[in-house]
file work00.cif (mmCIF, C-alpha atoms and all ligand atoms)
data_start
loop_
_atom_site.label_atom_id
_atom_site.label_comp_id
_atom_site.auth_asym_id
_atom_site.auth_seq_id
_atom_site.Cartn_x
_atom_site.Cartn_y
_atom_site.Cartn_z
CA MET P 28 3.34 -20.34 13.41
CA VAL P 29 2.43 -17.03 11.69
CA LYS P 30 -0.27 -18.82 9.67
CA GLU P 31 -1.49 -20.65 12.77
CA ALA P 32 -2.01 -17.28 14.49
CA ILE P 33 -3.60 -15.29 11.67
CA VAL P 34 -5.48 -18.02 9.77
CA THR P 35 -6.12 -21.14 11.89
CA GLN P 36 -6.75 -19.14 15.07
CA ALA P 37 -8.05 -16.10 13.18
CA ASP P 38 -10.79 -15.21 15.67
CA ASN P 39 -8.41 -15.31 18.62
CA PHE P 40 -6.01 -12.77 17.07
CA VAL P 41 -8.33 -10.58 15.04
CA ASP P 42 -8.13 -7.42 17.19
CA ARG P 43 -5.48 -4.71 17.16
CA PRO P 44 -3.93 -3.81 20.55
CA TYR P 45 -4.41 -0.52 22.41
CA SER P 46 -1.94 2.25 21.50
CA PRO P 47 -1.91 5.68 23.17
CA MET P 48 -0.52 7.24 19.97
CA VAL P 49 -3.28 5.77 17.81
CA THR P 50 -5.94 6.73 20.34
CA ARG P 51 -4.75 10.34 20.24
CA ILE P 52 -4.59 10.48 16.42
CA TYR P 53 -8.01 8.88 16.15
CA SER P 54 -9.52 11.32 18.67
CA GLY P 55 -9.99 8.75 21.38
CA ASN P 56 -12.44 6.50 19.57
CA SER P 57 -9.89 4.25 17.81
CA ALA P 58 -12.08 3.84 14.76
CA GLY P 59 -11.13 4.08 11.08
CA LEU P 60 -10.23 0.86 9.27
CA PHE P 61 -6.77 -0.20 10.40
CA PHE P 62 -6.98 0.22 14.17
CA SER P 63 -10.69 -0.32 14.84
CA ASN P 64 -12.03 -3.49 16.45
CA GLY P 65 -15.36 -5.28 16.97
CA ASN P 66 -18.57 -4.44 15.12
CA ILE P 67 -17.38 -1.07 13.80
CA TRP P 68 -14.32 -2.70 12.22
CA ARG P 69 -16.34 -5.59 10.75
CA ARG P 70 -18.98 -3.30 9.22
CA GLN P 71 -16.54 -0.64 7.98
CA ARG P 72 -14.19 -3.26 6.47
CA ARG P 73 -17.10 -4.85 4.60
CA PHE P 74 -18.31 -1.44 3.43
CA ALA P 75 -14.83 -0.42 2.17
CA MET P 76 -14.35 -3.73 0.34
CA THR P 77 -17.74 -3.47 -1.37
CA MET P 78 -16.98 0.10 -2.30
CA LEU P 79 -13.59 -0.87 -3.83
CA ARG P 80 -15.38 -3.46 -5.94
CA THR P 81 -18.12 -1.02 -6.98
CA PHE P 82 -15.73 1.79 -7.90
CA GLY P 83 -13.25 -0.16 -9.86
CA LEU P 84 -12.28 -3.72 -9.34
CA ALA P 85 -15.52 -5.09 -10.79
CA LYS P 86 -15.60 -2.59 -13.64
CA SER P 87 -12.91 -1.52 -16.05
CA SER P 88 -13.05 2.10 -14.79
CA LEU P 89 -10.25 1.70 -12.26
CA GLU P 90 -8.10 -0.15 -14.75
CA GLN P 91 -8.58 2.78 -17.13
CA SER P 92 -7.73 5.30 -14.39
CA ILE P 93 -4.50 3.46 -13.55
CA CYS P 94 -3.51 3.39 -17.24
CA GLU P 95 -4.22 7.12 -17.55
CA GLU P 96 -2.18 7.79 -14.43
CA SER P 97 0.66 5.72 -15.96
CA HIS P 98 0.66 8.14 -18.89
CA HIS P 99 1.01 11.10 -16.53
CA LEU P 100 3.84 9.27 -14.77
CA GLN P 101 5.57 8.52 -18.08
CA GLU P 102 5.25 12.14 -19.17
CA ALA P 103 6.78 13.30 -15.90
CA MET P 104 9.69 10.86 -16.39
CA GLU P 105 10.17 12.04 -20.00
CA LYS P 106 10.47 15.62 -18.71
CA GLU P 107 13.67 14.52 -16.92
CA LYS P 108 15.18 14.34 -20.47
CA GLY P 109 17.44 11.39 -19.74
CA GLU P 110 19.10 13.13 -16.76
CA PRO P 111 19.38 11.25 -13.42
CA PHE P 112 16.43 11.88 -11.07
CA ASP P 113 14.84 10.72 -7.81
CA PRO P 114 11.80 8.60 -8.84
CA VAL P 115 10.18 8.61 -5.39
CA PRO P 116 8.12 11.86 -5.62
CA LEU P 117 6.80 10.85 -9.07
CA LEU P 118 5.77 7.37 -7.91
CA ASN P 119 4.15 8.86 -4.77
CA ASN P 120 2.14 11.25 -6.96
CA ALA P 121 0.90 8.50 -9.26
CA VAL P 122 -0.09 6.05 -6.53
CA ALA P 123 -1.75 8.67 -4.29
CA ASN P 124 -3.80 9.84 -7.26
CA ILE P 125 -5.37 6.37 -7.54
CA ILE P 126 -6.58 6.60 -3.93
CA CYS P 127 -7.74 10.17 -4.64
CA GLN P 128 -9.85 8.86 -7.55
CA ILE P 129 -11.49 6.26 -5.32
CA VAL P 130 -11.98 8.44 -2.24
CA PHE P 131 -12.41 11.97 -3.68
CA GLY P 132 -13.55 11.01 -7.20
CA ARG P 133 -10.79 13.03 -8.86
CA ARG P 134 -7.05 13.15 -9.51
CA PHE P 135 -4.71 16.08 -8.95
CA ASP P 136 -2.10 17.65 -11.18
CA TYR P 137 1.39 16.82 -9.87
CA SER P 138 2.07 20.54 -9.48
CA ASP P 139 -1.02 21.16 -7.28
CA GLN P 140 0.16 22.73 -4.01
CA ASN P 141 -2.57 21.19 -1.82
CA PHE P 142 -1.88 17.74 -3.25
CA GLN P 143 1.84 18.14 -2.63
CA SER P 144 1.33 19.23 0.97
CA MET P 145 -0.98 16.23 1.54
CA LEU P 146 1.75 13.94 0.22
CA GLU P 147 4.39 15.57 2.41
CA ASN P 148 2.18 15.03 5.46
CA LEU P 149 1.55 11.40 4.47
CA THR P 150 5.24 10.60 4.00
CA ALA P 151 6.23 12.31 7.24
CA MET P 152 3.45 10.56 9.17
CA ALA P 153 4.28 7.11 7.75
CA TYR P 154 7.95 7.65 8.65
CA LEU P 155 7.29 8.90 12.19
CA GLU P 156 4.69 6.19 12.95
CA GLY P 157 7.36 3.55 12.36
CA SER P 158 10.15 5.40 14.18
CA ILE P 159 11.56 5.14 17.70
CA TRP P 160 9.52 8.25 18.56
CA ALA P 161 6.26 6.36 18.13
CA LEU P 162 7.59 3.56 20.37
CA LEU P 163 8.62 6.10 23.01
CA TYR P 164 5.21 7.77 22.86
CA ASP P 165 3.40 4.45 23.31
CA ALA P 166 5.71 3.45 26.20
CA PHE P 167 5.56 6.80 28.10
CA PRO P 168 2.48 8.67 26.85
CA ALA P 169 1.96 10.77 29.98
CA LEU P 170 5.51 12.12 29.73
CA MET P 171 5.89 12.33 25.94
CA LYS P 172 2.65 14.30 25.65
CA HIS P 173 4.37 17.24 27.32
CA LEU P 174 7.81 16.98 25.71
CA PRO P 175 8.94 18.73 22.54
CA GLY P 176 10.33 16.45 19.83
CA PRO P 177 9.67 14.85 16.44
CA HIS P 178 6.80 12.71 17.84
CA ASN P 179 4.62 15.85 17.86
CA GLY P 180 4.94 15.81 14.07
CA ILE P 181 2.77 12.67 13.97
CA PHE P 182 -0.18 14.57 15.42
CA SER P 183 0.31 17.77 13.43
CA ASN P 184 0.68 15.80 10.16
CA ALA P 185 -2.44 13.80 10.98
CA GLY P 186 -4.29 17.05 11.83
CA SER P 187 -3.38 18.64 8.47
CA LEU P 188 -4.41 15.51 6.55
CA GLU P 189 -7.70 15.33 8.42
CA ALA P 190 -8.38 19.00 7.63
CA SER P 191 -7.81 18.38 3.88
CA ILE P 192 -10.12 15.36 3.95
CA ARG P 193 -12.78 17.31 5.88
CA ARG P 194 -12.73 20.04 3.20
CA GLU P 195 -13.35 17.40 0.51
CA ILE P 196 -16.25 15.96 2.52
CA GLU P 197 -17.87 19.39 2.84
CA ARG P 198 -17.44 19.92 -0.92
CA HIS P 199 -19.11 16.55 -1.58
CA LYS P 200 -22.08 17.45 0.59
CA LEU P 201 -22.83 20.48 -1.60
CA ASP P 202 -23.52 18.53 -4.79
CA LEU P 203 -24.15 14.93 -3.73
CA ASP P 204 -26.59 13.22 -6.11
CA PRO P 205 -27.94 10.05 -4.41
CA SER P 206 -28.86 8.54 -7.78
CA ASN P 207 -25.27 8.84 -8.95
CA PRO P 208 -22.68 8.39 -6.15
CA ARG P 209 -19.25 9.30 -7.49
CA ASP P 210 -16.85 7.82 -4.96
CA TYR P 211 -16.20 6.50 -1.43
CA ILE P 212 -17.20 9.77 0.25
CA ASP P 213 -20.57 10.00 -1.57
CA THR P 214 -21.37 6.35 -0.84
CA PHE P 215 -20.42 6.73 2.83
CA LEU P 216 -22.55 9.87 3.25
CA MET P 217 -25.56 8.03 1.76
CA GLU P 218 -24.95 5.04 4.04
CA ALA P 219 -24.68 7.44 7.01
CA LYS P 220 -28.22 8.69 6.33
CA LYS P 221 -29.53 5.10 6.52
CA ASN P 222 -27.50 4.14 9.62
CA ARG P 223 -27.73 7.35 11.66
CA ASN P 224 -28.14 5.73 15.07
CA SER P 225 -26.60 2.34 14.47
CA GLN P 226 -23.21 2.80 16.23
CA LEU P 227 -21.43 1.22 13.27
CA GLY P 228 -19.17 4.17 12.59
CA PHE P 229 -21.23 5.89 9.88
CA ASP P 230 -20.61 9.45 11.03
CA ASP P 231 -18.56 12.36 9.64
CA GLY P 232 -15.77 11.91 12.20
CA ASN P 233 -15.23 8.28 11.27
CA LEU P 234 -15.48 9.07 7.55
CA VAL P 235 -12.43 11.32 7.96
CA LEU P 236 -10.54 8.53 9.77
CA CYS P 237 -11.47 5.85 7.20
CA CYS P 238 -10.29 8.12 4.35
CA LEU P 239 -7.07 8.79 6.28
CA ASP P 240 -6.49 5.02 6.62
CA LEU P 241 -7.09 4.40 2.92
CA PHE P 242 -4.42 7.01 2.15
CA LEU P 243 -1.98 5.82 4.82
CA ALA P 244 -2.33 2.10 4.09
CA GLY P 245 -2.79 2.43 0.34
CA SER P 246 -0.22 4.88 -0.93
CA GLU P 247 3.15 4.42 0.83
CA THR P 248 2.99 0.61 0.55
CA THR P 249 2.31 0.54 -3.18
CA SER P 250 4.75 3.34 -3.97
CA LYS P 251 7.55 1.66 -1.99
CA THR P 252 6.92 -1.65 -3.77
CA LEU P 253 7.30 0.18 -7.10
CA GLN P 254 10.53 1.73 -5.81
CA TRP P 255 11.95 -1.68 -4.84
CA GLY P 256 10.98 -2.95 -8.29
CA LEU P 257 13.12 -0.28 -9.98
CA ILE P 258 16.02 -1.10 -7.66
CA TYR P 259 15.89 -4.88 -8.21
CA LEU P 260 15.52 -4.61 -11.99
CA ILE P 261 18.33 -2.06 -12.27
CA LYS P 262 20.55 -4.37 -10.19
CA ASN P 263 19.56 -7.33 -12.41
CA PRO P 264 19.66 -5.95 -15.98
CA HIS P 265 19.33 -9.45 -17.52
CA ILE P 266 15.95 -9.79 -15.70
CA GLN P 267 14.87 -6.32 -16.86
CA ASP P 268 15.76 -7.39 -20.46
CA LYS P 269 13.67 -10.56 -20.16
CA VAL P 270 10.67 -8.61 -18.82
CA GLN P 271 10.96 -6.14 -21.69
CA THR P 272 11.25 -8.91 -24.28
CA GLU P 273 8.12 -10.59 -22.93
CA ILE P 274 6.15 -7.30 -22.89
CA GLU P 275 7.34 -6.52 -26.42
CA ARG P 276 6.24 -9.95 -27.68
CA VAL P 277 2.79 -9.94 -26.02
CA ILE P 278 1.76 -6.24 -26.04
CA GLY P 279 4.24 -4.46 -28.31
CA GLN P 280 5.46 -0.91 -27.77
CA THR P 281 2.32 1.14 -28.28
CA ARG P 282 -0.78 -0.72 -27.10
CA GLN P 283 -1.91 0.12 -23.55
CA PRO P 284 -1.56 -2.91 -21.20
CA THR P 285 -4.71 -4.36 -19.60
CA MET P 286 -5.30 -6.88 -16.82
CA ALA P 287 -6.30 -9.40 -19.52
CA ASP P 288 -2.61 -9.48 -20.54
CA LYS P 289 -1.55 -10.88 -17.17
CA PRO P 290 -1.93 -14.62 -17.94
CA ASN P 291 0.16 -14.08 -21.07
CA LEU P 292 3.00 -12.44 -19.14
CA PRO P 293 4.02 -15.21 -16.69
CA TYR P 294 7.66 -14.09 -16.43
CA THR P 295 6.68 -10.47 -15.68
CA ASP P 296 4.10 -11.71 -13.16
CA ALA P 297 6.75 -13.86 -11.45
CA VAL P 298 9.13 -10.87 -11.32
CA ILE P 299 6.45 -8.69 -9.68
CA HIS P 300 5.83 -11.40 -7.06
CA GLU P 301 9.56 -11.70 -6.40
CA ILE P 302 9.82 -7.90 -6.02
CA GLN P 303 7.08 -8.08 -3.37
CA ARG P 304 8.77 -10.99 -1.60
CA MET P 305 12.22 -9.38 -1.47
CA GLY P 306 10.83 -5.84 -1.02
CA ASN P 307 9.11 -7.12 2.14
CA ILE P 308 7.27 -3.84 2.52
CA VAL P 309 5.46 -4.55 5.81
CA PRO P 310 8.07 -6.70 7.58
CA LEU P 311 6.35 -6.87 10.95
CA ASN P 312 2.74 -6.93 9.70
CA GLY P 313 -0.03 -5.14 11.64
CA LEU P 314 0.02 -5.80 15.38
CA ARG P 315 -2.60 -8.18 16.81
CA MET P 316 -3.88 -8.93 20.30
CA ALA P 317 -4.89 -12.24 21.94
CA SER P 318 -8.63 -12.10 22.69
CA LYS P 319 -8.42 -14.82 25.41
CA ASP P 320 -5.89 -17.13 27.12
CA MET P 321 -4.73 -19.65 24.50
CA MET P 322 -1.94 -21.88 23.20
CA LEU P 323 0.11 -20.92 20.12
CA GLY P 324 2.94 -23.12 18.82
CA GLY P 325 3.09 -24.83 22.22
CA TYR P 326 3.33 -21.55 24.18
CA VAL P 327 0.71 -20.12 26.55
CA ILE P 328 -0.43 -16.69 25.32
CA PRO P 329 -2.39 -14.80 28.00
CA LYS P 330 -5.42 -12.68 27.03
CA GLY P 331 -4.43 -9.15 25.97
CA THR P 332 -0.89 -10.08 24.82
CA THR P 333 0.30 -8.11 21.80
CA VAL P 334 1.46 -10.39 18.97
CA MET P 335 3.62 -9.37 16.00
CA PRO P 336 3.03 -11.86 13.15
CA ASN P 337 6.49 -11.35 11.60
CA LEU P 338 6.06 -11.58 7.79
CA THR P 339 9.84 -11.52 7.17
CA SER P 340 10.09 -14.97 8.74
CA VAL P 341 7.64 -16.30 6.12
CA LEU P 342 8.87 -14.42 3.04
CA PHE P 343 12.48 -15.54 3.71
CA ASP P 344 11.74 -18.98 5.23
CA LYS P 345 14.58 -21.37 4.27
CA ASN P 346 12.14 -24.31 4.23
CA GLU P 347 9.82 -22.59 1.75
CA TRP P 348 12.09 -20.82 -0.76
CA GLU P 349 14.86 -22.38 -2.83
CA THR P 350 17.12 -19.28 -2.66
CA PRO P 351 15.49 -17.14 0.05
CA ASP P 352 18.09 -14.35 0.07
CA THR P 353 18.54 -14.01 -3.69
CA PHE P 354 16.28 -12.15 -6.14
CA ASN P 355 15.04 -15.09 -8.18
CA PRO P 356 11.79 -14.95 -10.23
CA ASP P 357 12.06 -18.76 -10.70
CA HIS P 358 10.47 -19.02 -7.25
CA PHE P 359 7.17 -18.37 -9.07
CA LEU P 360 7.75 -20.36 -12.29
CA ASP P 361 7.49 -24.07 -13.08
CA ALA P 362 9.78 -26.01 -15.44
CA GLU P 363 7.70 -24.88 -18.46
CA GLY P 364 7.88 -21.22 -17.47
CA LYS P 365 4.26 -21.10 -16.26
CA PHE P 366 3.39 -18.95 -13.25
CA VAL P 367 2.96 -20.86 -9.96
CA ARG P 368 1.45 -19.60 -6.69
CA ARG P 369 3.40 -20.15 -3.47
CA ASP P 370 1.77 -20.66 -0.05
CA ALA P 371 4.50 -18.66 1.68
CA PHE P 372 3.84 -15.56 -0.45
CA LEU P 373 2.19 -13.42 2.23
CA PRO P 374 3.13 -9.75 1.67
CA PHE P 375 -0.53 -8.81 2.18
CA SER P 376 -0.78 -11.02 5.29
CA ALA P 377 -3.66 -13.54 5.50
CA GLY P 378 -6.88 -14.31 7.36
CA LYS P 379 -9.71 -12.02 8.44
CA ARG P 380 -7.53 -8.97 8.95
CA ALA P 381 -5.45 -9.30 5.75
CA CYS P 382 -4.92 -6.25 3.56
CA LEU P 383 -8.26 -5.09 2.22
CA GLY P 384 -6.58 -3.31 -0.70
CA GLU P 385 -4.84 -6.43 -2.07
CA GLY P 386 -6.88 -6.57 -5.29
CA LEU P 387 -6.33 -2.87 -5.97
CA ALA P 388 -2.61 -3.07 -5.11
CA ARG P 389 -2.06 -6.05 -7.44
CA MET P 390 -3.81 -4.21 -10.27
CA GLU P 391 -1.71 -1.09 -9.70
CA LEU P 392 1.57 -3.00 -9.48
CA PHE P 393 0.89 -4.93 -12.70
CA LEU P 394 -0.29 -1.96 -14.78
CA PHE P 395 2.30 0.53 -13.50
CA TYR P 396 5.22 -1.90 -13.92
CA VAL P 397 4.19 -3.13 -17.35
CA SER P 398 3.61 0.37 -18.72
CA LEU P 399 6.89 1.68 -17.25
CA PHE P 400 9.05 -1.19 -18.55
CA GLN P 401 7.24 -1.06 -21.90
CA LYS P 402 8.36 2.55 -22.39
CA PHE P 403 11.68 2.89 -20.56
CA HIS P 404 14.96 1.18 -19.87
CA PHE P 405 16.02 1.98 -16.29
CA SER P 406 19.60 2.24 -15.02
CA THR P 407 21.54 4.15 -12.36
CA LEU P 408 24.64 6.32 -12.25
CA ASP P 409 27.90 4.65 -13.33
CA GLY P 410 29.75 3.11 -10.41
CA VAL P 411 26.78 3.39 -8.00
CA GLU P 412 25.63 0.18 -6.32
CA LEU P 413 21.94 0.52 -5.31
CA ARG P 414 21.33 -0.66 -1.75
CA THR P 415 18.82 -3.39 -0.91
CA GLU P 416 18.99 -3.18 2.92
CA GLY P 417 16.22 -0.62 3.40
CA ILE P 418 15.24 1.58 6.33
CA THR P 419 12.88 -0.36 8.57
CA GLY P 420 9.96 1.50 10.13
CA ALA P 421 6.25 0.66 9.81
CA THR P 422 7.19 -0.04 6.17
CA ARG P 423 10.61 -0.94 4.69
CA THR P 424 11.87 2.05 2.72
CA PRO P 425 14.71 2.12 0.16
CA TYR P 426 17.63 4.47 0.86
CA PRO P 427 17.45 7.56 -1.42
CA PHE P 428 18.49 6.66 -4.97
CA LYS P 429 18.65 8.18 -8.45
CA ILE P 430 17.86 6.60 -11.78
CA TYR P 431 18.04 7.20 -15.52
CA ALA P 432 14.85 6.48 -17.51
CA LYS P 433 15.85 6.07 -21.18
CA ALA P 434 12.93 5.95 -23.64
CA ARG P 435 12.94 2.63 -25.57
C1 LIG G 1 1.74 -3.43 -2.18
C2 LIG G 1 0.82 -2.83 -1.49
C3 LIG G 1 0.30 -3.25 -0.15
C4 LIG G 1 0.81 -4.11 0.79
C5 LIG G 1 2.12 -4.89 0.72
C6 LIG G 1 -0.10 -4.12 1.91
C7 LIG G 1 0.06 -4.89 3.05
C8 LIG G 1 -0.79 -4.86 4.14
C9 LIG G 1 -0.58 -5.61 5.37
C10 LIG G 1 0.59 -6.55 5.65
C11 LIG G 1 -1.60 -5.31 6.21
C12 LIG G 1 -1.79 -5.80 7.66
C13 LIG G 1 -2.70 -7.00 7.67
C14 LIG G 1 -2.77 -7.71 9.00
O1 LIG G 1 -2.75 -7.10 10.07
O2 LIG G 1 -2.85 -8.94 8.95
C15 LIG G 1 -2.49 -4.39 5.51
C16 LIG G 1 -3.67 -3.88 6.03
C17 LIG G 1 -4.46 -2.97 5.38
N1 LIG G 1 -4.29 -2.48 4.10
FE1 LIG G 1 -2.79 -2.96 2.81
N2 LIG G 1 -1.15 -3.29 1.64
C18 LIG G 1 -0.96 -2.74 0.38
C19 LIG G 1 -1.81 -1.88 -0.31
C20 LIG G 1 -3.01 -1.41 0.18
C21 LIG G 1 -3.94 -0.56 -0.56
C22 LIG G 1 -3.75 -0.10 -2.00
C23 LIG G 1 -4.96 -0.25 0.30
C24 LIG G 1 -6.16 0.64 0.08
C25 LIG G 1 -7.10 0.52 -0.67
C26 LIG G 1 -4.69 -0.93 1.57
C27 LIG G 1 -5.50 -0.86 2.67
C28 LIG G 1 -5.30 -1.58 3.84
C29 LIG G 1 -6.16 -1.48 5.02
C30 LIG G 1 -7.36 -0.56 5.16
C31 LIG G 1 -5.65 -2.36 5.97
C32 LIG G 1 -6.22 -2.65 7.36
C33 LIG G 1 -7.12 -3.90 7.26
C34 LIG G 1 -7.77 -4.29 8.59
O3 LIG G 1 -7.22 -3.99 9.64
O4 LIG G 1 -8.85 -4.91 8.53
N3 LIG G 1 -3.51 -1.62 1.45
N4 LIG G 1 -1.97 -4.14 4.25
#
call {"tool": "encode", "arguments": {"input": "work00.cif", "output": "structure tokens"}}
result
Amino acid sequence: MVKEAIVTQADNFVDRPYSPMVTRIYSGNSAGLFFSNGNIWRRQRRFAMTMLRTFGLAKSSLEQSICEESHHLQEAMEKEKGEPFDPVPLLNNAVANIICQIVFGRRFDYSDQNFQSMLENLTAMAYLEGSIWALLYDAFPALMKHLPGPHNGIFSNAGSLEASIRREIERHKLDLDPSNPRDYIDTFLMEAKKNRNSQLGFDDGNLVLCCLDLFLAGSETTSKTLQWGLIYLIKNPHIQDKVQTEIERVIGQTRQPTMADKPNLPYTDAVIHEIQRMGNIVPLNGLRMASKDMMLGGYVIPKGTTVMPNLTSVLFDKNEWETPDTFNPDHFLDAEGKFVRRDAFLPFSAGKRACLGEGLARMELFLFYVSLFQKFHFSTLDGVELRTEGITGATRTPYPFKIYAKAR
């Protein structure tokens, strides 16, 4: 039924529903990329996808940036000198820096204070947006607006992030060279000149919101998938060994991995897919709204109804997966050990509103995982059983955990 809603009846469920919280964060115009609807959404989605292709996916530049960021991540892990540490801040740094390269045209040192405060705001905002406080705000906006409480953090975090992004935009305006656009901001500003009166969202206000969405949708999700990967491979050391043996055989210990290695690493590829299936990072997907009265799975859905296309029901469907509740890379391998695609693999959703960063996220997951498992053996403290339940909010977050990274 999920596929019927988001693919077969794509046009009927393409819009996001109204949310008082979102309307307040997005200054009343509900634009940006994630929550916008209609022509603005269509045009801005197309623009962002073209831009992602131009600044990376079609060239090797992004692949190179991810590999360089992997080196910074490895160096930061080496500094832990074999002592147990929390990997989350380091993974957040690395993943956010990839979005920074695309949006701002530069990366930040992990010790940069402004970068760290941006990340703190992002993490707090992602947590609060998925919490009971966001639900309460959307249910009783007139009351909650006047009450003290953690929900106010959503707006102050968003405000701080928007201010940081606005500073970057002003900096870009000072030395923008139209013959050599460096990143998303430059390209957007040039497009804004061409589309000044077109009502398609090419204005400074919406540029801030689109950048905010790229950070919100693109960093927490990828970082949390990497976190789940460490947890599942530490819990299944025989699978970690097999991944390392395959990487050793195909790439060795010193050569930098590239995307061209992927077809030669079918076991590693299957493991990454299984991490995404079990990690189930966006369990409830993005909310959708029925655009007219219609039938879905035999039920009448009136116009305006909010629909939650539950991805958990697909990723753990007993009719689709041989062992739905067990971490099992064989779900993505045939009898000869070749990689096989599965129709029920939908962590990025599907249809017209599916994740627009899927290509980038897949590249990041492959290159970060391969370079980390090439260099380190990961384990946790003796006697500690890492938890796989997760804290469910807008995204599914692992409980805090510590790891050892032992150089191989
Ligand atoms: C493992 C990483 C990721 C996962 C699991 C993921 C998953 C998702 C899901 C489930 C949706 C909702 C789709 C729907 O409503 O049908 C979504 C939307 C979106 N994602 Fe991702 N995502 C990931 C990484 C990224 C990255 C790296 C970017 C940024 C470049 C990104 C940008 C977006 C945007 C902008 C949307 C809104 C699309 C729209 O409404 O048209 N995501 N993502």
call {"tool": "atom_distance", "arguments": {"input": "work00.cif", "atom1": "CA of Asn120 in chain P", "atom2": "CA of Arg304 in chain P"}}
result
23.8 Å
call {"tool": "residues_near_ligand", "arguments": {"input": "work00.cif", "ligand": "ligand LIG 1 (chain G)", "cutoff": "6 Å", "atoms": "all atoms listed in the file", "output": "list in words"}}
result
Leu60, Phe61, Arg72, Asp240, Leu241, Ala244, Gly245, Thr248, Thr249, Thr252, Ile308, Val309, Asn312, Gly313, Pro374, Phe375, Ser376, Ala377, Arg380, Ala381, Cys382, Leu383, Gly384, Glu385, Leu387 and Ala388 of chain P
call {"tool": "write_last_selection", "arguments": {"input": "work00.cif", "atoms": "C-alpha atoms", "output": "PDB file, in the frame of the given file"}}
result
ATOM      1  CA  LEU P  60     -10.230   0.860   9.270  1.00  0.00           C
ATOM      2  CA  PHE P  61      -6.770  -0.200  10.400  1.00  0.00           C
ATOM      3  CA  ARG P  72     -14.190  -3.260   6.470  1.00  0.00           C
ATOM      4  CA  ASP P 240      -6.490   5.020   6.620  1.00  0.00           C
ATOM      5  CA  LEU P 241      -7.090   4.400   2.920  1.00  0.00           C
ATOM      6  CA  ALA P 244      -2.330   2.100   4.090  1.00  0.00           C
ATOM      7  CA  GLY P 245      -2.790   2.430   0.340  1.00  0.00           C
ATOM      8  CA  THR P 248       2.990   0.610   0.550  1.00  0.00           C
ATOM      9  CA  THR P 249       2.310   0.540  -3.180  1.00  0.00           C
ATOM     10  CA  THR P 252       6.920  -1.650  -3.770  1.00  0.00           C
ATOM     11  CA  ILE P 308       7.270  -3.840   2.520  1.00  0.00           C
ATOM     12  CA  VAL P 309       5.460  -4.550   5.810  1.00  0.00           C
ATOM     13  CA  ASN P 312       2.740  -6.930   9.700  1.00  0.00           C
ATOM     14  CA  GLY P 313      -0.030  -5.140  11.640  1.00  0.00           C
ATOM     15  CA  PRO P 374       3.130  -9.750   1.670  1.00  0.00           C
ATOM     16  CA  PHE P 375      -0.530  -8.810   2.180  1.00  0.00           C
ATOM     17  CA  SER P 376      -0.780 -11.020   5.290  1.00  0.00           C
ATOM     18  CA  ALA P 377      -3.660 -13.540   5.500  1.00  0.00           C
ATOM     19  CA  ARG P 380      -7.530  -8.970   8.950  1.00  0.00           C
ATOM     20  CA  ALA P 381      -5.450  -9.300   5.750  1.00  0.00           C
ATOM     21  CA  CYS P 382      -4.920  -6.250   3.560  1.00  0.00           C
ATOM     22  CA  LEU P 383      -8.260  -5.090   2.220  1.00  0.00           C
ATOM     23  CA  GLY P 384      -6.580  -3.310  -0.700  1.00  0.00           C
ATOM     24  CA  GLU P 385      -4.840  -6.430  -2.070  1.00  0.00           C
ATOM     25  CA  LEU P 387      -6.330  -2.870  -5.970  1.00  0.00           C
ATOM     26  CA  ALA P 388      -2.610  -3.070  -5.110  1.00  0.00           C
TER      27      ALA P 388
END
call {"tool": "atom_distance", "arguments": {"input": "work00.cif", "atom1": "CA of Met217 in chain P", "atom2": "CA of Pro205 in chain P"}}
result
6.9 Å
call {"tool": "atom_distance", "arguments": {"input": "work00.cif", "atom1": "CA of Ala317 in chain P", "atom2": "CA of Lys330 in chain P"}}
result
5.1 Å
call {"tool": "closest_residue", "arguments": {"input": "work00.cif", "among": "P:Met76, P:Val130, P:Leu392, P:Ala103", "to": "Leu216 in chain P", "atoms": "only C-alpha atoms"}}
result
P:Val130
call {"tool": "residues_near_point", "arguments": {"input": "work00.cif", "point": "(7.5, 12.3, -4.9)", "cutoff": "12 Å", "atoms": "only C-alpha atoms", "output": "compact mmCIF listing (two decimals) with C-alpha atoms, in the frame of the given file"}}
result
# COMPACT_ATOMS: atom_id res chain seq x y z
CA LEU P 100 3.84 9.27 -14.77
CA ALA P 103 6.78 13.30 -15.90
CA MET P 104 9.69 10.86 -16.39
CA PHE P 112 16.43 11.88 -11.07
CA ASP P 113 14.84 10.72 -7.81
CA PRO P 114 11.80 8.60 -8.84
CA VAL P 115 10.18 8.61 -5.39
CA PRO P 116 8.12 11.86 -5.62
CA LEU P 117 6.80 10.85 -9.07
CA LEU P 118 5.77 7.37 -7.91
CA ASN P 119 4.15 8.86 -4.77
CA ASN P 120 2.14 11.25 -6.96
CA ALA P 121 0.90 8.50 -9.26
CA VAL P 122 -0.09 6.05 -6.53
CA ALA P 123 -1.75 8.67 -4.29
CA ASN P 124 -3.80 9.84 -7.26
CA TYR P 137 1.39 16.82 -9.87
CA SER P 138 2.07 20.54 -9.48
CA PHE P 142 -1.88 17.74 -3.25
CA GLN P 143 1.84 18.14 -2.63
CA SER P 144 1.33 19.23 0.97
CA MET P 145 -0.98 16.23 1.54
CA LEU P 146 1.75 13.94 0.22
CA GLU P 147 4.39 15.57 2.41
CA ASN P 148 2.18 15.03 5.46
CA LEU P 149 1.55 11.40 4.47
CA THR P 150 5.24 10.60 4.00
CA SER P 246 -0.22 4.88 -0.93
CA GLU P 247 3.15 4.42 0.83
CA SER P 250 4.75 3.34 -3.97
CA LYS P 251 7.55 1.66 -1.99
CA GLN P 254 10.53 1.73 -5.81
CA PRO P 427 17.45 7.56 -1.42
